[in-house]
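Note sheet for the following structure.
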Amino acid sequence: MIGNTPTPPRRGDLIADGVYNVQDVVEEINHAFRGKALPYPEMLADVNCDGFACNIQDVVKLIDHVFRGGAEPCP
């Protein structure tokens, strides 16, 4: 359908609702520290684009953006 093309997934938007919010932070923490399987594609959890999906640095970057107005996750 024209005009209804799906938007591509964005890094850090782990619940795929089009916004960054506390739910994404909780998902990132679950992946990084609680052993939850990584999302598909895994790059969604690599918030800082360092090539390592879902580590403490990704969690901190997402928290900084959601709660402190820091830079958005990398494209």
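Going by the structure tokens order, chains are called A, B, ..., each with residues numbered from 1, while ligands are numbered from 1 in the order shown.
Around Val26 (chain A), within 12 Å and counting only C-alpha atoms, the residues found are Gly12, Asp13, Leu14, Ile15, Tyr20, Ala32, Phe33, Arg34, Lys36, Ala45, Val59, Val60, Leu62, Ile63 and Val66 of chain A, once anything fewer than 6 positions away on its own chain is removed.
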Name the residues of chain A that come out as helix (DSSP H, G or I) in a backbone DSSP run; write them as number ranges by chain. A: 22-33, 42-45, 56-68
Extract, using only C-alpha atoms, all DNA, RNA and protein residues at most 12 Å from Leu44 (chain A), discarding same-chain residues fewer than 6 positions from it, and format them as a list in words. Pro8, Pro9, Arg10, Arg11, Gly12, Asp13, Leu14, Ile15, Ala16, Asp24, Glu27, Glu28, His31, Leu38, Gly51, Phe52, Ala53, Cys54, Asp58, Leu62, Pro73, Cys74 and Pro75 of chain A
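Minimum atom-to-atom distances from A:Asn55, A:Asn30, A:Asn21, A:Asn48 to Phe67 (chain A) were compared using only C-alpha atoms, and the lowest value belongs to A:Asn21.
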When distances are computed from only C-alpha atoms, which of A:Thr7, A:Asp17, A:Ile56, A:Asp46 shows the smallest separation from Ile29 (chain A)?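 With only C-alpha atoms as the atom set, the closest residue is A:Ile56.
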Expressed in Å to a single decimal, how great is the separation between CA of Val19 (chain A) and CA of Gly69 (chain A)?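 Between these atoms lies a distance of 13.2 Å.
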What is the distance between CA of Lys61 (chain A) and CA of Tyr40 (chain A), in Å to one decimal? 19.8 Å
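The interatomic distance for the pair CA of Glu42 (chain A) and CA of Arg68 (chain A) works out to 25.0 Å.
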